[in-house]
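Heads up: the structure comes next, in structure tokens.
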2 protein chains.
Amino acid sequence: MPTYQAPLADLSFVLDEVLQAGRQPVPGYDQLEPDFTGAVLAEAAKLAEGVLAPLNAVGDRQGCRLENGVVRTPEGFRAAFDEIKAGGWNGLDLPEAYGGQGLPYLLGTAVGEMFVSANMAFNMYQGLTHGAIGTILAHGTEAQKATYLPKMVALDWTGTMNLTEPHAGTDLGIMRTRAEPQPDGSYKITGQKIFISAGEHDLAENIVHLVLAKAPGGGAGTKGISLFIVPKFLVDADGGLGPRNALSCGKIEEKMGIHGNATCVMNYDGATGFLLGELHKGMKAMFTMMNEARLGVGLQGYAVAGAAYQAAAAYARDRLQGRAVTGARNPGGAADPIIVHPDVRRSLMDQKSFVEGARAFTLWGAELIDRAHLAGDAEAEGLISLLTPVIKGFLTDKGFDSAVAAQQVFGGHGYVEEWGMSQFARDARIAMIYEGANGVQALDLVGRKLAAGGGKPVMGFFALVKGAVKDGEGDARLKADFLDPLKAASKDMQAAVEVFMTRGMKDPDAALAGSTDFLHLFGHVCLGLMWARMAKAALAMQDAGRGDPAFLAAKLATGRYYMARHLPATALHLARIRSGADPVMALPAEAF
Amino acid sequence: MPTYQAPLADLSFVLDEVLQAGRQPVPGYDQLEPDFTGAVLAEAAKLAEGVLAPLNAVGDRQGCRLENGVVRTPEGFRAAFDEIKAGGWNGLDLPEAYGGQGLPYLLGTAVGEMFVSANMAFNMYQGLTHGAIGTILAHGTEAQKATYLPKMVALDWTGTMNLTEPHAGTDLGIMRTRAEPQPDGSYKITGQKIFISAGEHDLAENIVHLVLAKAPGGGAGTKGISLFIVPKFLVDADGGLGPRNALSCGKIEEKMGIHGNATCVMNYDGATGFLLGELHKGMKAMFTMMNEARLGVGLQGYAVAGAAYQAAAAYARDRLQGRAVTGARNPGGAADPIIVHPDVRRSLMDQKSFVEGARAFTLWGAELIDRAHLAGDAEAEGLISLLTPVIKGFLTDKGFDSAVAAQQVFGGHGYVEEWGMSQFARDARIAMIYEGANGVQALDLVGRKLAAGGGKPVMGFFALVKGAVKDGEGDARLKADFLDPLKAASKDMQAAVEVFMTRGMKDPDAALAGSTDFLHLFGHVCLGLMWARMAKAALAMQDAGRGDPAFLAAKLATGRYYMARHLPATALHLARIRSGADPVMALPAEAF
């Protein structure tokens with residue numbers, strides 16, 4: 001089974017040298033000095049490596065069991081959950097008023113990567129709770145916050161998000177779950193929700209379900225939807241647990257992966273619910289947390305790929321098979337380690353250059369969220385809204401590909417469950433689907449985000465790229481290997497935006513037919529930008545004689561690889577976008 | 001669960017109109033008249049749709065169980081296997097002398113696609129047997145043929161291939177299984193083989209294992225390897241079953257997919273084996289069947305993708321979610337079917353254009369094998385040897401991607417096992433690995449096949465493309481949409497070959513660093529060529545007023561899609577190949 005080693009050096013490199021977090025004018029960022037963040041990350045790494053990673057395969061093999069309405073999580077999950085609780089990890093970036101530590105989301109994200117790499121299915125129990133907390137923080141009354149948040153921040157209670165119904169996934173407007181107002185101001189919630197992650201389990205005393213439902217008088221479609229707090233156990237006036245609410249888990253799904261997390265069918269049979277936020281504005285309330293939730297899923301994409309990459313690299317150094325084409329490297333052994341073979345190395349470089357680029361991109365995204373939330377920076381808010389579908393869609397598509405590539409390094413041993421590589425691929429697969437399937441991310445990007453704010457965010461992004469190019473062009477070490485390719489890729493992206501601007505107005509199908517290609521094109525430019533920023537930081541460290549020379553040399557070589565071999569994909573995506581809607585829409589539905 | 005509908009119209013289109021099989025000067029092809037092949041395919045389709053497809057999910061759910069050395073296959077497998085036997089399907093393309101029907105491999109391949117689409121794991125029991133039969137046919141003595149072939153052709157006995165050992169996969173030279181010569185001319189085989197598909201099961205009376213082992217005096221590496229027939233039950237002089245041989249299944253693997261097929265660890269404990277072919281020439285004997293075996297795996301890649309595509313198309317027509325951006329298409333319903341959304345259609349077109357192109361490519365490959373074997377055509381032999389790694393590697397890489405894309409159309413319903421889409425993705429995954437992992441295919445292609453015969457086969461391929469272009473350029477309907485893109489892609493491929501020629505001699509790493517990209521580049525040109533040929537055939541039918549107009553219109557539109565949106569990938573692959581070995585090989589092994 002793979003062992004996990006937290007990428008502490010690279011996380012610190014991104015936080016301290018690329019983002020230079022401690023020096024940013026964002027409230028709370030003054031705490032993010034290297035010594036402090038390094039100590040926090042090292043503590044989290046211990047937990048990830050020593051407690052969560054060893055349970056990853058256990059969770060996959062055992063899965064969750066539903067017995068008389070109770071879901072049993074895999075062996076060891078409860079003890080690990082208690083360690084997470086005891087360490088206060090869930091509250092790291094939550095307000096001190098509710099028992100959190102009040103640190104920036106950026107640091108929480110860096111910690112989150114390690115937890116997800118170590119055990120994605122396990123981490124979802126607290127991850128969903130974190131999202132529910134954010135929603136209550138943003139929309140709850142003071143009484144609601146006081147009732148629910150301290151318990152949830154402490155992980156005594158966990159949270160869920162209930163959106164999907166059997167016939168209503170992306171299209172929530174057609175949902176059927178009803179909320180009937182009661183004389184006491186509460187609501188009776190009736191309906192069935194599906195795909196509810198951590199909907200029922202044995203890790204916490206109570207589960208706080210956030211449920212979308214239609215209350216009378218809201219009109220048709222998404223406009224009629226409201227958001228409700230529907231706890232598994234009702235809460236007494238003194239904050240203790242009251243009677244069991246009229247809701248139950250009807251089934252847990254058999255899934256391709258994330259077996260350790262219970263994906264529940266939840267039945268609400270006149271369950272008592274409490275309005276969260278404004279009546280009939282449930283969609284808006286739910287969407288408040290969307291940027292964070294989607295960034296969290298993008299993180300899953302590369303975090304699982306990162307763990308899979310580590311295992312593949314270790315295997316490639318260890319497995320003896322064949323001889324290097326340029327002469328034996330291990331003449332005393334029966335064969336050379338397979339890492340000598342150029343195609344194995346090509347695959348490892350694909351994985352490494354993706355994972356490190358994605359890490360920087362995601363942490364930059366977390367910084368933008370902090371800038372928006374903590375510093376009220378509207379430009380950052382616009383930019384992260386634009387980038388969110390890219391982070392979610394691109395990093396999960398590529399993260400899955402990367403996990404599959406890592407599995408491939410193992411040959412037949414990657415296909416059998418014994419080595420754990422199949423689990424990485426199966427787990428990573430879900431991230432392309434939930435929190436808005438990647439096609440929906442592409443639609444959101446091209447159909448909404450590009451034109452948002454009169455196109456200011458996307459213009460802002462181009463200006464950022466231009467600035468990075470201008471800023472570094474004087475350095476010959478950056479120019480040819482990093483900045484010229486970035487400039488070319490950014491040009492392709494501008495050309496694609498132009499295609500959408502000129503054609504999209506008349507023919508929305510033409511824009512949407514190119515939406516997934518645009519999401520990927522954009523993703524490559526983002527990773528190119530991050531590699532340019534990382535290269536600049538690495539060169540500056542080299543020049544100053546700081547840092548581990550081997551780490552910095554590898555960083556630069558990995559970046560050059562990405563720029564030479566992956567960034568040119570922008571031209572292919574542009575060619576496809578230019579081909580327009582006709583090839584895509586030519587067939588009548590019955591011809592498929 | 002998905003229902004499977006055999007693509008009879010498309011199979012006939014390829015056989016009759018594109019390949020014009022009945023008119024080819026290959027012995028036996030005169031039998032391949034449309035009426036006859038149509039009837040055979042229709043019979044096979046009934047079996048695939050009615051018997052094999054309903055067992056696909058059963059096999060996945062139940063898997064195989066090892067009990068006291070006996071492997072139990074899933075419920076219903078035995079009855080289905082008996083139907084395959086009774087219909088004589090295994091012998092369709094095997095010699096009449098041994099009970100087969102003596103039809104061309106081309107027809108067997110078309111039938112095979114349907115069986116694999118319907119139930120890949122099940123079909124492996126007969127598929128492996130087919131490969132073993134081919135090896136005995138090519139290398140067995142008359143006595144061996146008489147002893148084993150009639151029973152194997154009839155599927156009373158099945159066959160296996162035993163190559164891999166725990167420490168020796170691709171690198172068979174380091175295998176440890178030993179063959180000790182006995183006074184009676186037989187050998188005692190001792191060792192452990194792993195990943196043996198259908199190594200043990202309850203479908204047949206006997207299992208004929210073909211086992212690679214080292215006999216004394218052969219020298220080191222692959223040169224010392226010989227091939228042996230090692231039957232589960234020894235065979236009497238009169239052909240009846242004798243005593244049980246000293247071999248056993250020690251374990252069956254837990255795998256990501258193909259659960260219905262037993263992947264066995266086989267222990268040989270001084271088992272009696274009989275030399276097959278020449279002593280110390282076992283590798284050569286095993287490789288005789290390689291082109292067919294690898295084509296069979298390439299077929300699995302697109303056949304599973306084809307079944308997944310059908311399910312995705314049906315779901316996309318059925319599932320109501322959201323509204324078309326250009327106005328409601330189903331105004332009476334709660335929402336429009338998701339097939340109205342451009343990005344869903346983009347995905348379905350990706351799948352359809354791949355599956356149909358791959359089908360034509362594979363059947364053309366089967367024709368080349370027939371030309372080589374039945375007509376002794378050396379040029380065809382050279383060409384199929386060149387194309388084999390492309391068929392295997394490209395079609396399984398893309399086939400997996402395509403199955404994953406089909407799964408994605410289902411959103412969350414694609415991730416749960418209930419709908420069967422996860423199984424397609426999990427099953428398709430193995431085809432990228434076995435019968436030579438795809439990286440090894442790329443190595444074979446660039447390291448061996450390109451230079452084989454002084455480069456004559458690859459020059460022959462370019463001449464074929466050139467001929468197709470020249471031949472059709474006068475037709476404006478072909479030129480812009482099909483032939484110009486094909487010409488450009490072929491130019492990219494020529495440029496890539498030049499890179500290998502000029503750099504590869506001095507620096508083999510440079511060629512091999514681009515090997516997977518070249519395999520994909522080549523694959524796109526092959527599918528482009530097939531689409532050009534299909535378009536030509538479809539236009540000829542339109543001009544002659546023959547065929548189903550809707551089918552032909554869809555065929556042309558699907559081809560235009562492939563040419564516009566997939567063929568341009570050749571430029572990206574060329575750019576990567578040109579970037580050479582430096583970015584790939586820059587890091588020391590310990591930097592990963």
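Within each chain, counting starts at residue 1; across the structure tokens, chains are named A, B, ... in the order shown, with ligands numbered 1 upward in that order.
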Legend entry - Close residues, segment 127-143 of chain A itself excluded, 8 Å, only C-alpha atoms, min 6 positions apart in chain, as a list in words: Asn90, Leu149, Met152, Val153, Leu155, Thr158, Gly159, Thr160, Met161, Ser197, Ala198, Leu210, Leu276, Gly277, Ala285, Met286, Thr288, Met289, Glu292 and Ala293 of chain A
Inset, instruction - Could you give me, as a VMD selection string, the residues within 9 Å of Gly59 of chain A, counting only C-alpha atoms and dropping anything in the same chain fewer than 2 positions from it? - result: chain A and resid 55 to 57 61 to 64 73 to 77 119 121 to 122 258 to 261
Inset, instruction - From the DSSP assignment of the backbone, select every residue of segment 124-361 of chain B that is helix (DSSP H, G or I), and format the answer as number ranges by chain. - result: B: 124-139, 142-153, 172-174, 221-224, 282-288, 290-318, 338-340, 342-361
Legend entry - Contacts of Ser515 of chain B within 6 Å, only C-alpha atoms, excl. fewer than 2 positions in-chain, as a list in words: Ala442, Val446, Leu512, Ala513, Asp517 and Phe518 of chain B
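Here atom CA of Asp343 of chain A is placed at a distance of 27.9 Å from atom CA of Ile430 of chain A.
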